[in-house]
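Text of the file query-v9.cif, holding mmCIF, C-alpha atoms:
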```cif
data_run
#
loop_
_atom_site.label_atom_id
_atom_site.label_comp_id
_atom_site.auth_asym_id
_atom_site.auth_seq_id
_atom_site.Cartn_x
_atom_site.Cartn_y
_atom_site.Cartn_z
CA MET A 159 95.79 100.58 88.59
CA ASN A 160 95.66 101.34 92.33
CA LYS A 161 91.99 102.31 92.07
CA LEU A 162 91.15 99.07 90.26
CA PHE A 163 93.07 97.08 92.88
CA SER A 164 91.23 98.85 95.73
CA PHE A 165 87.86 98.30 94.05
CA LEU A 166 88.51 94.59 93.46
CA ALA A 167 89.92 94.16 96.99
CA THR A 168 86.75 95.70 98.46
CA LEU A 169 84.60 93.42 96.30
CA THR A 170 86.64 90.40 97.43
CA ALA A 171 86.31 91.42 101.10
CA PHE A 172 82.54 91.65 100.64
CA LEU A 173 82.47 88.21 99.00
CA LEU A 174 84.54 86.72 101.84
CA VAL A 175 82.21 88.16 104.51
CA TYR A 176 79.15 86.95 102.59
CA GLY A 177 80.83 83.55 102.14
CA LEU A 178 81.49 83.34 105.88
CA TYR A 179 77.84 84.13 106.59
CA GLN A 180 76.72 81.50 104.09
CA ALA A 181 79.07 78.88 105.53
CA LEU A 182 78.33 79.42 109.21
CA VAL A 183 74.71 80.60 109.22
CA ALA A 184 72.80 80.15 105.97
CA ALA A 185 73.92 76.64 104.94
CA PRO A 186 71.97 73.84 106.65
CA THR A 187 73.69 71.47 109.11
CA GLU A 188 74.78 68.20 107.55
CA ARG A 189 72.95 65.16 108.97
CA THR A 190 75.79 62.75 109.77
CA MET A 191 78.77 64.99 110.55
CA GLY A 192 76.90 67.91 112.08
CA ASP A 193 78.38 71.40 112.22
CA VAL A 194 81.96 70.22 111.68
CA GLN A 195 81.04 69.56 108.01
CA ARG A 196 81.05 73.37 107.56
CA ILE A 197 84.86 73.14 107.39
CA PHE A 198 84.13 71.92 103.83
CA TYR A 199 83.28 75.53 102.80
CA TYR A 200 86.86 76.62 103.55
CA HIS A 201 88.81 73.40 102.98
CA VAL A 202 87.72 72.69 99.39
CA PRO A 203 87.87 76.31 98.09
CA SER A 204 91.36 76.62 99.62
CA ALA A 205 92.46 73.45 97.78
CA TRP A 206 90.90 74.72 94.52
CA THR A 207 92.68 78.08 94.86
CA ALA A 208 96.00 76.38 95.62
CA PHE A 209 95.61 74.21 92.49
CA CYS A 210 94.79 77.28 90.35
CA LEU A 211 97.85 79.10 91.70
CA PHE A 212 100.13 76.12 91.07
CA PHE A 213 98.72 75.91 87.55
CA THR A 214 99.47 79.63 87.10
CA ASN A 215 102.98 78.91 88.36
CA LEU A 216 103.34 76.17 85.72
CA ILE A 217 102.18 78.42 82.87
CA ALA A 218 104.35 81.35 84.04
CA SER A 219 107.36 79.04 84.38
CA ILE A 220 106.89 77.69 80.84
CA VAL A 221 106.55 81.26 79.50
CA TYR A 222 109.74 82.20 81.35
CA LEU A 223 111.61 79.17 79.96
CA VAL A 224 110.52 80.00 76.42
CA ARG A 225 110.74 83.82 76.42
CA ARG A 226 112.89 84.71 79.48
CA ASN A 227 110.18 87.19 80.41
CA ILE A 228 110.89 88.89 83.79
CA LYS A 229 107.20 89.49 84.52
CA ALA A 230 106.44 85.81 83.93
CA ASP A 231 109.17 84.93 86.43
CA ALA A 232 107.70 87.38 88.97
CA LEU A 233 104.27 85.80 88.45
CA ALA A 234 105.78 82.32 88.92
CA VAL A 235 107.34 83.27 92.29
CA ALA A 236 104.18 85.05 93.44
CA SER A 237 101.79 82.25 92.49
CA ALA A 238 104.00 79.60 94.12
CA GLU A 239 104.21 81.54 97.39
CA VAL A 240 100.48 82.31 97.58
CA GLY A 241 99.72 78.72 96.49
CA VAL A 242 101.79 77.41 99.41
CA VAL A 243 99.75 79.60 101.80
CA PHE A 244 96.48 78.10 100.51
CA CYS A 245 97.94 74.59 100.48
CA THR A 246 99.01 75.11 104.12
CA ILE A 247 95.40 75.95 104.96
CA VAL A 248 94.29 72.71 103.27
CA LEU A 249 96.83 70.75 105.32
CA VAL A 250 95.73 72.45 108.56
CA THR A 251 91.94 72.36 108.10
CA GLY A 252 92.00 68.77 106.76
CA PRO A 253 93.29 67.17 109.99
CA ILE A 254 91.04 69.44 112.09
CA TRP A 255 88.08 68.08 110.10
CA ALA A 256 89.40 64.51 110.14
CA ARG A 257 89.81 64.26 113.93
CA PRO A 258 86.10 64.35 114.89
CA VAL A 259 84.95 62.51 111.73
CA TRP A 260 87.59 59.77 111.25
CA GLY A 261 88.88 59.71 114.82
CA ILE A 262 92.44 60.45 113.65
CA TRP A 263 94.34 63.60 112.75
CA TRP A 264 96.29 62.10 109.87
CA THR A 265 96.68 58.94 107.84
CA TRP A 266 99.21 58.21 105.12
CA ASP A 267 96.63 57.61 102.42
CA LEU A 268 97.33 58.66 98.85
CA ARG A 269 95.33 61.93 98.79
CA LEU A 270 96.82 63.24 102.02
CA THR A 271 100.35 62.10 101.24
CA THR A 272 100.39 63.53 97.70
CA THR A 273 99.04 66.83 99.05
CA LEU A 274 101.85 66.94 101.60
CA VAL A 275 104.37 66.12 98.84
CA LEU A 276 102.87 68.91 96.69
CA TRP A 277 103.34 71.36 99.58
CA LEU A 278 106.93 70.18 100.08
CA ILE A 279 107.72 70.58 96.35
CA TYR A 280 106.57 74.20 96.32
CA VAL A 281 108.27 74.96 99.65
CA SER A 282 111.48 73.59 98.03
CA TYR A 283 110.82 75.88 95.05
CA LEU A 284 110.55 78.89 97.38
CA VAL A 285 113.66 77.85 99.32
CA LEU A 286 115.55 77.62 96.02
CA ARG A 287 114.34 81.11 95.04
CA ARG A 288 115.21 82.51 98.45
CA PHE A 289 118.68 81.08 99.03
CA SER A 290 120.17 80.72 95.56
CA ASP A 291 120.97 83.85 93.61
CA THR A 292 122.85 82.88 90.49
CA ALA A 293 121.72 83.77 86.98
CA GLN A 294 120.62 80.15 86.58
CA THR A 295 118.24 80.19 89.59
CA PRO A 296 115.08 81.33 87.74
CA ILE A 297 115.71 78.68 85.06
CA LEU A 298 116.28 75.90 87.61
CA ALA A 299 113.21 77.05 89.56
CA ALA A 300 111.10 77.07 86.38
CA VAL A 301 112.18 73.51 85.57
CA LEU A 302 111.40 72.43 89.16
CA ALA A 303 107.98 74.09 88.82
CA VAL A 304 107.22 72.19 85.61
CA PHE A 305 108.06 68.83 87.27
CA GLY A 306 106.38 69.86 90.54
CA ALA A 307 103.14 70.60 88.71
CA LEU A 308 102.95 66.92 87.73
CA ASP A 309 101.89 66.23 91.32
CA VAL A 310 98.74 68.36 90.98
CA PRO A 311 96.78 65.87 88.79
CA LEU A 312 98.12 63.05 90.99
CA VAL A 313 96.60 64.76 94.06
CA TYR A 314 93.31 65.40 92.26
CA PHE A 315 92.85 61.96 90.70
CA SER A 316 94.24 59.93 93.63
CA ILE A 317 90.76 59.52 95.11
CA TRP A 318 89.36 58.35 91.76
CA PHE A 319 91.93 55.69 90.95
CA PHE A 320 92.70 54.34 94.43
CA ARG A 321 90.77 53.44 97.55
CA THR A 322 91.57 56.14 100.06
CA GLN A 323 90.39 57.28 103.47
CA HIS A 324 89.66 60.66 101.93
CA PRO A 325 86.12 60.68 100.46
CA ARG A 326 85.37 61.25 96.79
CA PRO A 327 83.87 64.64 95.93
CA VAL A 328 80.12 64.94 96.43
CA MET A 329 79.67 66.78 93.15
CA GLY A 330 80.68 64.68 90.16
CA GLY A 331 81.17 61.69 92.43
CA GLY A 332 77.66 60.31 92.28
CA GLY A 333 76.31 62.35 95.22
CA SER A 334 74.25 65.49 95.38
CA LEU A 335 74.38 68.62 97.50
CA ASP A 336 71.51 70.54 99.09
CA PRO A 337 70.93 73.71 96.98
CA ARG A 338 71.68 75.94 100.01
CA MET A 339 74.90 74.04 100.65
CA LEU A 340 75.80 74.30 96.97
CA HIS A 341 75.15 78.06 97.09
CA ALA A 342 77.37 78.49 100.18
CA PHE A 343 80.07 76.37 98.55
CA LEU A 344 80.03 78.26 95.23
CA ILE A 345 80.11 81.66 97.00
CA ASN A 346 83.15 80.57 99.01
CA LEU A 347 84.77 79.07 95.92
CA LEU A 348 84.38 82.41 94.14
CA ALA A 349 85.46 84.39 97.22
CA PHE A 350 88.61 82.32 97.77
CA SER A 351 89.49 82.39 94.06
CA CYS A 352 89.19 86.20 94.00
CA PHE A 353 91.12 86.47 97.28
CA GLY A 354 93.91 84.23 95.93
CA ALA A 355 94.08 86.28 92.72
CA MET A 356 94.22 89.58 94.65
CA VAL A 357 96.96 88.39 97.01
CA CYS A 358 98.90 87.01 94.04
CA TRP A 359 98.55 90.36 92.26
CA ALA A 360 99.90 92.17 95.35
CA ARG A 361 102.77 89.66 95.57
CA VAL A 362 103.67 90.23 91.89
CA ARG A 363 103.84 93.98 92.58
CA LEU A 364 106.06 93.28 95.58
CA GLU A 365 108.37 91.08 93.49
CA LEU A 366 108.70 93.73 90.77
CA LEU A 367 109.38 96.38 93.43
CA ARG A 368 112.05 94.13 95.00
CA ARG A 369 113.78 93.81 91.63
CA GLU A 370 113.61 97.57 91.17
CA VAL A 371 115.30 98.06 94.55
CA GLU A 372 117.99 95.48 93.69
CA GLU A 373 118.60 97.24 90.38
CA ALA A 374 118.84 100.61 92.13
CA HIS A 375 121.32 99.16 94.64
CA ALA A 376 123.38 97.72 91.77
CA MET A 377 123.36 101.03 89.90
CA GLU A 378 124.40 102.87 93.03
CA SER A 379 127.28 100.42 93.57
CA LEU A 380 128.37 100.83 89.95
CA ALA A 381 128.28 104.61 90.27
CA GLY A 382 130.26 104.41 93.52
CA ALA A 383 132.80 102.04 91.96
CA ASP A 384 133.18 104.27 88.89
CA ALA A 385 133.85 107.23 91.13
CA ALA A 386 136.44 105.28 93.16
CA GLY A 387 137.91 103.58 90.08
CA ALA A 388 137.52 100.19 91.74
CA LYS A 389 135.87 96.96 90.65
CA PRO A 390 132.15 97.19 91.52
CA SER A 391 130.45 94.91 93.98
CA LEU A 392 126.73 94.29 93.61
CA PRO A 393 125.05 93.95 96.98
CA LEU A 394 121.79 92.04 96.83
CA ASN A 395 119.19 93.05 99.28
CA ARG A 396 118.19 89.63 100.56
CA SER A 397 116.40 90.98 103.61
CA SER A 398 113.72 92.41 101.32
CA ARG A 399 112.57 89.08 99.97
CA MET B 253 86.44 68.84 122.73
CA ASN B 254 83.12 68.81 120.88
CA ALA B 255 82.65 69.15 117.12
CA ILE B 256 81.83 72.87 117.11
CA LYS B 257 85.26 73.63 118.58
CA PHE B 258 86.89 71.86 115.65
CA LEU B 259 84.83 74.03 113.31
CA TYR B 260 85.93 77.22 115.04
CA ALA B 261 89.53 75.98 115.19
CA ALA B 262 89.56 75.42 111.40
CA TYR B 263 88.09 78.84 110.59
CA ILE B 264 90.33 80.68 113.06
CA ALA B 265 93.42 78.82 111.78
CA THR B 266 92.52 79.78 108.18
CA TRP B 267 92.24 83.49 108.99
CA LEU B 268 95.30 83.48 111.25
CA ILE B 269 97.40 82.04 108.39
CA HIS B 270 96.02 84.60 105.95
CA ALA B 271 96.51 87.47 108.43
CA PHE B 272 100.09 86.38 109.12
CA TYR B 273 100.90 86.18 105.41
CA LEU B 274 99.24 89.52 104.59
CA GLY B 275 101.20 91.02 107.51
CA THR B 276 104.50 89.77 106.05
CA LEU B 277 103.54 91.19 102.63
CA ALA B 278 102.74 94.59 104.16
CA ARG B 279 106.03 94.59 106.10
CA ARG B 280 108.02 93.74 102.98
CA PHE B 281 106.26 96.47 100.96
CA LYS B 282 107.04 99.00 103.69
CA ARG B 283 110.73 97.98 103.82
CA LEU B 284 111.13 98.16 100.04
CA HIS B 285 109.46 101.59 99.82
CA ARG B 286 111.78 102.82 102.58
CA GLN B 287 114.82 101.49 100.71
CA LEU B 288 113.65 103.08 97.45
CA LYS B 289 113.24 106.36 99.30
CA GLU B 290 116.77 106.07 100.69
CA LEU B 291 118.05 105.44 97.18
CA GLY B 292 116.29 108.59 96.06
CA LYS B 293 113.99 106.87 93.56
CA GLU B 294 110.70 107.90 95.19
#
```
Whole structure, structure tokens version:
Amino acid sequence: MNKLFSFLATLTAFLLVYGLYQALVAAPTERTMGDVQRIFYYHVPSAWTAFCLFFTNLIASIVYLVRRNIKADALAVASAEVGVVFCTIVLVTGPIWARPVWGIWWTWDLRLTTTLVLWLIYVSYLVLRRFSDTAQTPILAAVLAVFGALDVPLVYFSIWFFRTQHPRPVMGGGGSLDPRMLHAFLINLLAFSCFGAMVCWARVRLELLRREVEEAHAMESLAGADAAGAKPSLPLNRSSR
Amino acid sequence: MNAIKFLYAAYIATWLIHAFYLGTLARRFKRLHRQLKELGKE
């Protein structure tokens, strides 16, 4: 398993370096926006990866609600956390791109606002997981994830159904992309997807390890309590989260 | 601030966020392994 992880991580690192070269060097400069348009090669793949991770969170949450599967719950936490990281990148690179192109850092249009709401929903999910530790927490979090995921199609389709400051996508929106730009974009899309999957995989392993440590702590407390003949207390190792 | 600086700012911000997050993951892994070791499970 470790060998496979190392091999895929190396492959992902290669893809990311190649993607960076494609985005900054190989792709031609866009005519109207100039070099700042190259932010597109990081902004859109980050958004795509965040959406995929939130979708994974939805599926894992449903599986947990139906089967009470611990691994599904670990995957739900991991995908939400990594999804928030990618969504943060979208919310940071978007305004940096908007400032020289639109002349403003931010506007409360539907695409931007729903993306911010999406980020807030999943941050709330993580706060719930971090600060609540009852037996009901994974169930409540899974329900929140199912409702939170409803915002994903709203973010995606907001630019199709409403007039927004945010432009419609070039591909599938009536426009076309230079083949070299398309190549750079697809390489980065693949690189970011692989990177997101690898980080999520690592985060799942971390979550399972954290549960193992908690279990070991609980067993140790039980053993200690048995020896002392007292009622056991179960310390939870919150600092490890 | 010209446009190229915005481009660099976006790329640097992206990798700083990723580096920070990967750093927190590595730190958490290290702490958990240490705790497992202390508990005698490794």
Handout entry: Contact residues around B:Glu290 with only C-alpha atoms at 12 Å, ignoring same-chain residues under 3 positions, as a ChimeraX atom specification
Key = /A:371,374-375,378 /B:283-287,293-294
Please identify every residue of chain A that has at least one atom no farther than 7 Å from an atom of chain B, counting all atoms listed in the file, and for each give the shortest atom pair and the distance in Å to one decimal, arranged by chain then increasing number, as a tab-separated table.
```
residue	atom	partner	partner_atom	distance
A:Asp193	CA	B:Ile256	CA	6.2
A:Val194	CA	B:Leu259	CA	5.0
A:Arg196	CA	B:Leu259	CA	6.9
A:Ile197	CA	B:Leu259	CA	6.0
A:Ile247	CA	B:Thr266	CA	5.8
A:Thr251	CA	B:Ala262	CA	5.1
A:Ile254	CA	B:Phe258	CA	6.0
A:Trp255	CA	B:Phe258	CA	6.8
A:Pro258	CA	B:Ala255	CA	6.3
A:Leu364	CA	B:Phe281	CA	6.3
A:Arg368	CA	B:Leu284	CA	6.5
A:Val371	CA	B:Leu288	CA	6.0
A:Ser398	CA	B:Arg280	CA	6.1
```
Suppose we keep C-alpha atoms; can you now write the selection as a PDB file, in the coordinates of the input?
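After the write, selection-v1.pdb holds the following:
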```pdb
ATOM      1  CA  ASP A 193      78.380  71.400 112.220  1.00  0.00           C
ATOM      2  CA  VAL A 194      81.960  70.220 111.680  1.00  0.00           C
ATOM      3  CA  ARG A 196      81.050  73.370 107.560  1.00  0.00           C
ATOM      4  CA  ILE A 197      84.860  73.140 107.390  1.00  0.00           C
ATOM      5  CA  ILE A 247      95.400  75.950 104.960  1.00  0.00           C
ATOM      6  CA  THR A 251      91.940  72.360 108.100  1.00  0.00           C
ATOM      7  CA  ILE A 254      91.040  69.440 112.090  1.00  0.00           C
ATOM      8  CA  TRP A 255      88.080  68.080 110.100  1.00  0.00           C
ATOM      9  CA  PRO A 258      86.100  64.350 114.890  1.00  0.00           C
ATOM     10  CA  LEU A 364     106.060  93.280  95.580  1.00  0.00           C
ATOM     11  CA  ARG A 368     112.050  94.130  95.000  1.00  0.00           C
ATOM     12  CA  VAL A 371     115.300  98.060  94.550  1.00  0.00           C
ATOM     13  CA  SER A 398     113.720  92.410 101.320  1.00  0.00           C
TER      14      SER A 398
END
```
Taken to one decimal, the atom CA of A:Val242-atom CA of A:Trp277 distance is 6.2 Å
Skip stretch 205-210 of chain A itself and residues of its chain fewer than 2 positions away, then list as a compact mmCIF listing (two decimals) with C-alpha atoms, in the coordinates of the input all residues within 12 Å of it, counting all atoms listed in the file.
```txt
# COMPACT_ATOMS: atom_id res chain seq x y z
CA PHE A 198 84.13 71.92 103.83
CA TYR A 199 83.28 75.53 102.80
CA TYR A 200 86.86 76.62 103.55
CA HIS A 201 88.81 73.40 102.98
CA VAL A 202 87.72 72.69 99.39
CA PRO A 203 87.87 76.31 98.09
CA PHE A 212 100.13 76.12 91.07
CA PHE A 213 98.72 75.91 87.55
CA THR A 214 99.47 79.63 87.10
CA ASN A 215 102.98 78.91 88.36
CA LEU A 216 103.34 76.17 85.72
CA ILE A 217 102.18 78.42 82.87
CA SER A 237 101.79 82.25 92.49
CA ALA A 238 104.00 79.60 94.12
CA GLU A 239 104.21 81.54 97.39
CA VAL A 240 100.48 82.31 97.58
CA GLY A 241 99.72 78.72 96.49
CA VAL A 242 101.79 77.41 99.41
CA VAL A 243 99.75 79.60 101.80
CA PHE A 244 96.48 78.10 100.51
CA CYS A 245 97.94 74.59 100.48
CA THR A 246 99.01 75.11 104.12
CA ILE A 247 95.40 75.95 104.96
CA VAL A 248 94.29 72.71 103.27
CA LEU A 249 96.83 70.75 105.32
CA VAL A 250 95.73 72.45 108.56
CA THR A 251 91.94 72.36 108.10
CA GLY A 252 92.00 68.77 106.76
CA ARG A 269 95.33 61.93 98.79
CA LEU A 270 96.82 63.24 102.02
CA THR A 273 99.04 66.83 99.05
CA LEU A 276 102.87 68.91 96.69
CA TRP A 277 103.34 71.36 99.58
CA TYR A 280 106.57 74.20 96.32
CA GLY A 306 106.38 69.86 90.54
CA ALA A 307 103.14 70.60 88.71
CA LEU A 308 102.95 66.92 87.73
CA ASP A 309 101.89 66.23 91.32
CA VAL A 310 98.74 68.36 90.98
CA PRO A 311 96.78 65.87 88.79
CA LEU A 312 98.12 63.05 90.99
CA VAL A 313 96.60 64.76 94.06
CA TYR A 314 93.31 65.40 92.26
CA PHE A 343 80.07 76.37 98.55
CA LEU A 344 80.03 78.26 95.23
CA ASN A 346 83.15 80.57 99.01
CA LEU A 347 84.77 79.07 95.92
CA LEU A 348 84.38 82.41 94.14
CA ALA A 349 85.46 84.39 97.22
CA PHE A 350 88.61 82.32 97.77
CA SER A 351 89.49 82.39 94.06
CA CYS A 352 89.19 86.20 94.00
CA PHE A 353 91.12 86.47 97.28
CA GLY A 354 93.91 84.23 95.93
CA ALA A 355 94.08 86.28 92.72
CA MET A 356 94.22 89.58 94.65
CA VAL A 357 96.96 88.39 97.01
CA CYS A 358 98.90 87.01 94.04
```
In Å, with one decimal, what is the gap from atom CA of A:Met159 to atom CA of A:Ala299?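 Going from atom CA of A:Met159 over to atom CA of A:Ala299, I get 29.3 Å.
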| request: Can you turn the PyMOL selection byres ((chain A and resi 362) around 8) into a concrete residue list for this file, as a PyMOL selection string? | output: chain A and resi 232-233+235-236+358-361+363-366
- Might you spell out which residues the PyMOL selection byres ((chain A and resi 300) around 8) would select in the displayed file, as a ChimeraX atom specification? /A:216,219-220,222-223,234,296-299,301-304
Quote the spacing between atom CA of A:Pro186 and atom CA of A:Arg338 in Å to one decimal place.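 Computing the Euclidean distance for atom CA of A:Pro186 and atom CA of A:Arg338 yields 7.0 Å.
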